[in-house]
Amino acid sequence: MRRRRFLKVLAGGAAVGLVGGWRPAARAATAVRRVRPGDPGWPGEVAWKGLAEQVQGRLLKVDSPLEAASPGLVQQMKNPYFIGDQVWGTQSTGWAGAWTSSPSAYAVSATNAADVVAAVNFARTHHLRLVVKGGGHSYYGGSNAADSLLVWTRAMETVTLHEAFVPQGCAGKVEPTPAVSLDAGTLWLHAYDAVTTRGGRYVQGGGCMTVGVPGLVLGGGFGSWSKRYGMAAASLLEAEVVTADGVLRLANACTHPDLFWALKGGGGSTFGVVTRLTLRTHPLPSTFGVVLMTLRADSDAAFRKLIRRFVAFYASSLLKPEWGEQVRLHPSNRMAVQMVFEGMDQARAEEVWRPFLAEVERTGSGVTVADKRVVVSPARDFWNPEVLRTNLGPYVRVDDRPSAPPFKNLWWTSNEEELGAYWHGYESTWLPASLLASARQERLADALFAASRRWAVGLHFNKGLAGAAPEVIRAARDTCTNPAVLDAFVLVIIAGSGPPEYPGVSGHEPDPVQARDDAQRIHDAMAEVRKLVRRPASYVLESNYFEPSWQRAFWGSNYARLRAIKRKYDPTGLFFVHHGVGSEDWSPDGMTRLVTR
């Protein structure tokens, strides 16, 4: 946000709250329990009417139609844009033994920062559970909670490109840099289309097109080419955020630098409600490309050997900034390759893979290669929705609702398994690059093979920074993500859900027996991987809901500093998310404070 817009919002009067220096945190909340509908302290009709007037009628009473779900509604739930357009909608429907998607009691459909300020002040004054939803992708259920007030940012979608951005208060201290400002409801496909297709530059964001911008950045954020462009959080230049006292603040390296640091990977909806982020943009390479193929082994022995060959190949040829994305190892002895590259033409990309393919395709290898495809496009066209449909038609879907903008809303077919996902289990672990040393490759490959006997294993090479450029490592070191990411070459993800499942919807109920069995198999698979590391670390946005040592696993040595910043900017714990900074002070549902000061 530039100064003129910031002052305009501040001029909104009492709804925005007092502005000035940070007031020292006084004593903790006077109430140790938040209120629910029916409680004596629940706001009455007059109070809700007052909030509705403050937000100019954008207060919604929320009900979910899922309990009386029709076949047509269930079909519509296969479209992530439809889900995102519903105030009650979340992509995941729950997690076995943990949470079930539940609509809030009321929602403010925010269109500007003043709406967010009004909602935050109302929730604090009336001791309400406050929830924030943008993209609605949270596996932990962070974007929904029963009996809560929801701040819904979907309508905040403005994207502004800057040729030479300087954060407020940083003139003469920070060099101007090309950047993009993204409002809180922006989805990554729309950000890429604006920055890359129309602007000719690149912004580091998520590989999933329908993920919301703030959630990814606040969690750390990895894109397809993280080894080249770094973490999304490391590109953050400035954040506009409403803190727990109802004050709209700009946080950057020169103004509220402690809050700024905490927003770079400290978790979403934890330190405040972000209404706008400004991120550094990068020059485009000549090309972006994709390597797709499926390799099938005819026996366990052949598959084990295939994994060993791939580990050696990755260490020698792909542990570089220009390569990213993932490979999946399936119990059926199938290896699915979905790798991306940048700055190479098709001939060069094929040359990189030729030694590996020559070895696995030779007679007697026990491996067949199918669906082999290398797709290259000028980098500026890679995220162009029209070009995506042409180049990768079988791998994308189009939002074909009559109300949808023509060809603007796409999603990857590979992300469809997350629509209606009721998670049975989800675990992740970073693996250090030292495991790629020649003497350790066999042990690594054998552990991955052992894990794949129990469940499919995802190797997300773009979510580890080993092999990245030195400047990428330096920038990541200045975020609050667990430092284990700095020398990790991969994030191993082992996760699973059933078919689309909707708790409470007849004919679509989760199977608790299957969920427990799957969760155990997922846990056993990850146990094979964790034998490789002494103190496993996990990625906060993609990890186990039941992680017992979550403070250390998610943030490592950074947690104590994050905890202190949380106490400063949110002393009463208004912002609560499961396994978020400071959540140990609260009951699992975030309704009762267990620790007071």
# chains A, B, ... in the order shown; residues from 1 in each chain; ligands from 1
>>> residues_around(residues="region 327-343 of chain A", least_positions_apart="4", cutoff="6 Å", atoms="only C-alpha atoms", output="list in words")
Pro285, Ser286, Thr287, Phe288, Gly289, Val290, Val291, Leu292, Met293, Thr294, Leu295, Arg296, Ala297, Phe303, Glu322, Trp323, Ser452, Arg453, Ala456, Val457, Gly458 and Leu459 of chain A
>>> atom_distance(atom1="CA of Ser102 (chain A)", atom2="CA of Leu128 (chain A)")
15.7 Å
>>> atom_distance(atom1="CA of Lys320 (chain A)", atom2="CA of Asp371 (chain A)")
24.7 Å
>>> closest_residue(among="A:Leu277, A:Leu187, A:Val46, A:Met77", to="Leu218 (chain A)", atoms="only C-alpha atoms")
A:Leu277
>>> residues_around(residues="region 588-597 of chain A", least_positions_apart="6", cutoff="12 Å", atoms="only C-alpha atoms", output="PyMOL selection string")
chain A and resi 25-36+98-100+127-131+140-142+144-148+545-546+567+571-580+582
>>> select_by_dssp(residues="region 337-395 of chain A", states="helix (DSSP H, G or I)", output="ChimeraX atom specification")
/A:346-360,379-381,385-391,393-395
>>> write_last_selection(atoms="N, CA and C atoms", output="short mmCIF file (atom, residue, chain, number, x, y, z; two decimals), in the first residue's frame")
data_model
loop_
_atom_site.label_atom_id
_atom_site.label_comp_id
_atom_site.auth_asym_id
_atom_site.auth_seq_id
_atom_site.Cartn_x
_atom_site.Cartn_y
_atom_site.Cartn_z
N GLN A 346 13.99 -27.27 -25.22
CA GLN A 346 13.60 -28.67 -25.10
C GLN A 346 14.78 -29.61 -25.30
N ALA A 347 15.63 -29.28 -26.25
CA ALA A 347 16.77 -30.16 -26.53
C ALA A 347 17.69 -30.26 -25.32
N ARG A 348 17.93 -29.13 -24.67
CA ARG A 348 18.82 -29.15 -23.50
C ARG A 348 18.18 -29.93 -22.35
N ALA A 349 16.88 -29.76 -22.13
CA ALA A 349 16.20 -30.49 -21.06
C ALA A 349 16.25 -31.99 -21.32
N GLU A 350 16.02 -32.39 -22.57
CA GLU A 350 16.07 -33.82 -22.90
C GLU A 350 17.48 -34.37 -22.74
N GLU A 351 18.48 -33.55 -23.04
CA GLU A 351 19.87 -33.98 -22.88
C GLU A 351 20.19 -34.28 -21.41
N VAL A 352 19.65 -33.45 -20.50
CA VAL A 352 19.90 -33.67 -19.07
C VAL A 352 19.39 -35.04 -18.64
N TRP A 353 18.22 -35.43 -19.15
CA TRP A 353 17.59 -36.68 -18.72
C TRP A 353 18.08 -37.91 -19.49
N ARG A 354 18.81 -37.67 -20.60
CA ARG A 354 19.18 -38.80 -21.48
C ARG A 354 19.98 -39.90 -20.77
N PRO A 355 21.00 -39.57 -19.95
CA PRO A 355 21.76 -40.66 -19.31
C PRO A 355 20.90 -41.52 -18.39
N PHE A 356 20.01 -40.88 -17.63
CA PHE A 356 19.13 -41.63 -16.73
C PHE A 356 18.19 -42.53 -17.53
N LEU A 357 17.58 -41.98 -18.59
CA LEU A 357 16.62 -42.76 -19.36
C LEU A 357 17.32 -43.89 -20.13
N ALA A 358 18.53 -43.63 -20.61
CA ALA A 358 19.26 -44.68 -21.32
C ALA A 358 19.51 -45.87 -20.40
N GLU A 359 19.75 -45.59 -19.13
CA GLU A 359 20.02 -46.66 -18.17
C GLU A 359 18.76 -47.43 -17.82
N VAL A 360 17.66 -46.71 -17.56
CA VAL A 360 16.46 -47.42 -17.12
C VAL A 360 15.70 -48.07 -18.28
N ALA A 379 8.85 -18.11 -21.13
CA ALA A 379 8.47 -17.95 -19.72
C ALA A 379 7.26 -17.05 -19.55
N ARG A 380 7.16 -16.04 -20.41
CA ARG A 380 6.03 -15.11 -20.26
C ARG A 380 4.69 -15.78 -20.55
N ASP A 381 4.70 -16.88 -21.29
CA ASP A 381 3.45 -17.57 -21.65
C ASP A 381 3.10 -18.71 -20.70
N PRO A 385 -3.40 -18.46 -19.12
CA PRO A 385 -4.43 -19.51 -19.12
C PRO A 385 -4.68 -20.12 -20.49
N GLU A 386 -4.69 -19.32 -21.53
CA GLU A 386 -4.94 -19.85 -22.87
C GLU A 386 -3.81 -20.79 -23.30
N VAL A 387 -2.56 -20.40 -23.02
CA VAL A 387 -1.42 -21.24 -23.40
C VAL A 387 -1.40 -22.52 -22.56
N LEU A 388 -1.72 -22.40 -21.28
CA LEU A 388 -1.78 -23.59 -20.43
C LEU A 388 -2.75 -24.61 -20.98
N ARG A 389 -3.91 -24.15 -21.41
CA ARG A 389 -4.92 -25.07 -21.96
C ARG A 389 -4.43 -25.73 -23.23
N THR A 390 -3.62 -25.01 -24.00
CA THR A 390 -3.10 -25.57 -25.26
C THR A 390 -1.96 -26.54 -25.00
N ASN A 391 -1.00 -26.13 -24.18
CA ASN A 391 0.21 -26.93 -23.98
C ASN A 391 0.01 -28.11 -23.03
N GLY A 393 -3.22 -29.35 -21.87
CA GLY A 393 -4.65 -29.58 -21.82
C GLY A 393 -5.09 -30.72 -20.91
N PRO A 394 -4.48 -31.93 -21.01
CA PRO A 394 -4.92 -33.04 -20.16
C PRO A 394 -4.62 -32.83 -18.68
N TYR A 395 -3.77 -31.86 -18.36
CA TYR A 395 -3.34 -31.68 -16.98
C TYR A 395 -4.03 -30.50 -16.28
#
>>> residues_around(residues="Arg516 (chain A)", least_positions_apart="2", cutoff="9 Å", atoms="only C-alpha atoms", output="JSON, numbers by chain")
{"A": [96, 97, 424, 425, 511, 512, 513, 514, 518, 519, 520, 521]}
>>> closest_residue(among="A:Ser64, A:Gln76, A:Ser181, A:Gln204", to="Thr160 (chain A)", atoms="only C-alpha atoms")
A:Ser181
>>> residues_around(residues="Ala155 (chain A)", least_positions_apart="4", cutoff="12 Å", atoms="only C-alpha atoms", output="count of residues only")
23
>>> closest_residue(among="A:Lys173, A:Arg401, A:Arg249, A:Arg304", to="Gly366 (chain A)", atoms="only C-alpha atoms")
A:Arg304
>>> select_by_dssp(residues="region 312-484 of chain A", states="strand (DSSP E)", output="ChimeraX atom specification")
/A:323-330,334-342,367-378,396-398,410-412,421-432,457-460
>>> residues_around(residues="Phe554 (chain A)", least_positions_apart="5", cutoff="6 Å", atoms="only C-alpha atoms", output="NGL selection string")
:A and (482 or 538-540)
>>> write_last_selection(atoms="C-alpha atoms", output="PDB file, in the first residue's frame")
ATOM      1  CA  ASN A 482      12.794 -23.716  10.511  1.00  0.00           C
ATOM      2  CA  SER A 538       8.456 -30.346   9.156  1.00  0.00           C
ATOM      3  CA  TYR A 539       6.876 -27.627   7.020  1.00  0.00           C
ATOM      4  CA  VAL A 540       4.142 -25.791   8.910  1.00  0.00           C
TER       5      VAL A 540
END
>>> atom_distance(atom1="CA of Ile494 (chain A)", atom2="CA of His523 (chain A)")
8.3 Å
>>> closest_residue(among="A:Gly199, A:Gly246, A:Pro167, A:Gly94", to="Phe271 (chain A)", atoms="only C-alpha atoms")
A:Gly246
>>> residues_around(residues="Arg454 (chain A)", least_positions_apart="3", cutoff="8 Å", atoms="only C-alpha atoms", output="PyMOL selection string")
chain A and resi 331+450-451+521-522+524-525
>>> decode(residues="region 242-331 of chain A", atoms="C-alpha atoms", output="mmCIF file, in the first residue's frame")
data_model
loop_
_atom_site.group_PDB
_atom_site.id
_atom_site.type_symbol
_atom_site.label_atom_id
_atom_site.label_comp_id
_atom_site.auth_asym_id
_atom_site.auth_seq_id
_atom_site.Cartn_x
_atom_site.Cartn_y
_atom_site.Cartn_z
ATOM 1 C CA VAL A 242 -4.674 -5.355 11.134
ATOM 2 C CA THR A 243 -3.354 -6.263 14.572
ATOM 3 C CA ALA A 244 -5.343 -7.431 17.592
ATOM 4 C CA ASP A 245 -5.945 -3.891 18.885
ATOM 5 C CA GLY A 246 -7.769 -3.018 15.651
ATOM 6 C CA VAL A 247 -4.981 -0.855 14.251
ATOM 7 C CA LEU A 248 -4.022 -1.033 10.590
ATOM 8 C CA ARG A 249 -0.232 -1.176 10.350
ATOM 9 C CA LEU A 250 2.408 -1.334 7.668
ATOM 10 C CA ALA A 251 5.152 -3.776 8.561
ATOM 11 C CA ASN A 252 8.444 -3.794 6.709
ATOM 12 C CA ALA A 253 12.166 -3.805 7.381
ATOM 13 C CA CYS A 254 12.029 -0.225 8.703
ATOM 14 C CA THR A 255 8.604 -0.043 10.387
ATOM 15 C CA HIS A 256 7.591 -2.708 12.930
ATOM 16 C CA PRO A 257 10.510 -4.890 11.777
ATOM 17 C CA ASP A 258 9.796 -7.521 14.446
ATOM 18 C CA LEU A 259 6.236 -8.020 13.202
ATOM 19 C CA PHE A 260 7.542 -8.022 9.625
ATOM 20 C CA TRP A 261 9.952 -10.853 10.442
ATOM 21 C CA ALA A 262 7.200 -12.865 12.150
ATOM 22 C CA LEU A 263 5.005 -12.572 9.067
ATOM 23 C CA LYS A 264 7.763 -14.169 6.973
ATOM 24 C CA GLY A 265 6.847 -17.745 7.788
ATOM 25 C CA GLY A 266 5.339 -17.452 11.277
ATOM 26 C CA GLY A 267 1.987 -18.813 10.156
ATOM 27 C CA GLY A 268 -1.229 -17.333 8.817
ATOM 28 C CA SER A 269 -3.889 -15.663 10.989
ATOM 29 C CA THR A 270 -1.487 -15.705 13.948
ATOM 30 C CA PHE A 271 -0.180 -12.142 14.351
ATOM 31 C CA GLY A 272 -2.989 -10.255 12.639
ATOM 32 C CA VAL A 273 -5.158 -10.168 9.530
ATOM 33 C CA VAL A 274 -3.109 -9.351 6.453
ATOM 34 C CA THR A 275 -5.029 -7.228 3.967
ATOM 35 C CA ARG A 276 -2.281 -6.660 1.409
ATOM 36 C CA LEU A 277 1.220 -7.945 0.707
ATOM 37 C CA THR A 278 3.937 -6.450 -1.476
ATOM 38 C CA LEU A 279 6.425 -8.933 -2.905
ATOM 39 C CA ARG A 280 9.643 -8.530 -4.849
ATOM 40 C CA THR A 281 9.408 -9.593 -8.497
ATOM 41 C CA HIS A 282 12.195 -11.170 -10.545
ATOM 42 C CA PRO A 283 13.355 -11.003 -14.167
ATOM 43 C CA LEU A 284 11.969 -13.783 -16.315
ATOM 44 C CA PRO A 285 14.251 -16.467 -17.754
ATOM 45 C CA SER A 286 13.925 -17.293 -21.433
ATOM 46 C CA THR A 287 11.759 -20.366 -20.850
ATOM 47 C CA PHE A 288 9.776 -22.389 -18.346
ATOM 48 C CA GLY A 289 9.239 -26.079 -18.991
ATOM 49 C CA VAL A 290 7.878 -29.343 -17.657
ATOM 50 C CA VAL A 291 9.135 -32.936 -17.778
ATOM 51 C CA LEU A 292 6.371 -35.499 -17.342
ATOM 52 C CA MET A 293 6.715 -39.275 -17.418
ATOM 53 C CA THR A 294 5.665 -42.482 -15.697
ATOM 54 C CA LEU A 295 8.133 -45.289 -15.022
ATOM 55 C CA ARG A 296 6.845 -48.745 -14.092
ATOM 56 C CA ALA A 297 9.000 -51.512 -12.614
ATOM 57 C CA ASP A 298 7.967 -55.139 -13.081
ATOM 58 C CA SER A 299 9.157 -56.251 -9.620
ATOM 59 C CA ASP A 300 10.057 -54.950 -6.188
ATOM 60 C CA ALA A 301 13.727 -55.555 -6.937
ATOM 61 C CA ALA A 302 13.542 -53.541 -10.151
ATOM 62 C CA PHE A 303 11.719 -50.712 -8.371
ATOM 63 C CA ARG A 304 14.307 -50.577 -5.594
ATOM 64 C CA LYS A 305 17.035 -50.364 -8.229
ATOM 65 C CA LEU A 306 15.082 -47.659 -10.090
ATOM 66 C CA ILE A 307 14.906 -45.537 -6.941
ATOM 67 C CA ARG A 308 18.642 -45.946 -6.383
ATOM 68 C CA ARG A 309 19.330 -44.851 -9.957
ATOM 69 C CA PHE A 310 17.081 -41.828 -9.616
ATOM 70 C CA VAL A 311 18.691 -40.734 -6.325
ATOM 71 C CA ALA A 312 22.128 -40.844 -7.978
ATOM 72 C CA PHE A 313 20.785 -39.016 -11.039
ATOM 73 C CA TYR A 314 19.151 -36.320 -8.929
ATOM 74 C CA ALA A 315 22.354 -35.754 -6.963
ATOM 75 C CA SER A 316 24.481 -35.423 -10.080
ATOM 76 C CA SER A 317 22.152 -33.607 -12.489
ATOM 77 C CA LEU A 318 19.051 -32.049 -10.869
ATOM 78 C CA LEU A 319 20.271 -30.571 -7.578
ATOM 79 C CA LYS A 320 20.475 -27.161 -9.230
ATOM 80 C CA PRO A 321 18.532 -23.886 -9.177
ATOM 81 C CA GLU A 322 16.940 -24.495 -12.570
ATOM 82 C CA TRP A 323 15.093 -27.679 -11.507
ATOM 83 C CA GLY A 324 12.104 -28.075 -9.222
ATOM 84 C CA GLU A 325 8.833 -29.798 -8.341
ATOM 85 C CA GLN A 326 8.338 -33.453 -7.569
ATOM 86 C CA VAL A 327 8.496 -37.202 -8.047
ATOM 87 C CA ARG A 328 6.069 -39.691 -6.504
ATOM 88 C CA LEU A 329 6.849 -43.291 -5.570
ATOM 89 C CA HIS A 330 3.831 -45.603 -5.490
ATOM 90 C CA PRO A 331 3.350 -49.004 -3.802
#
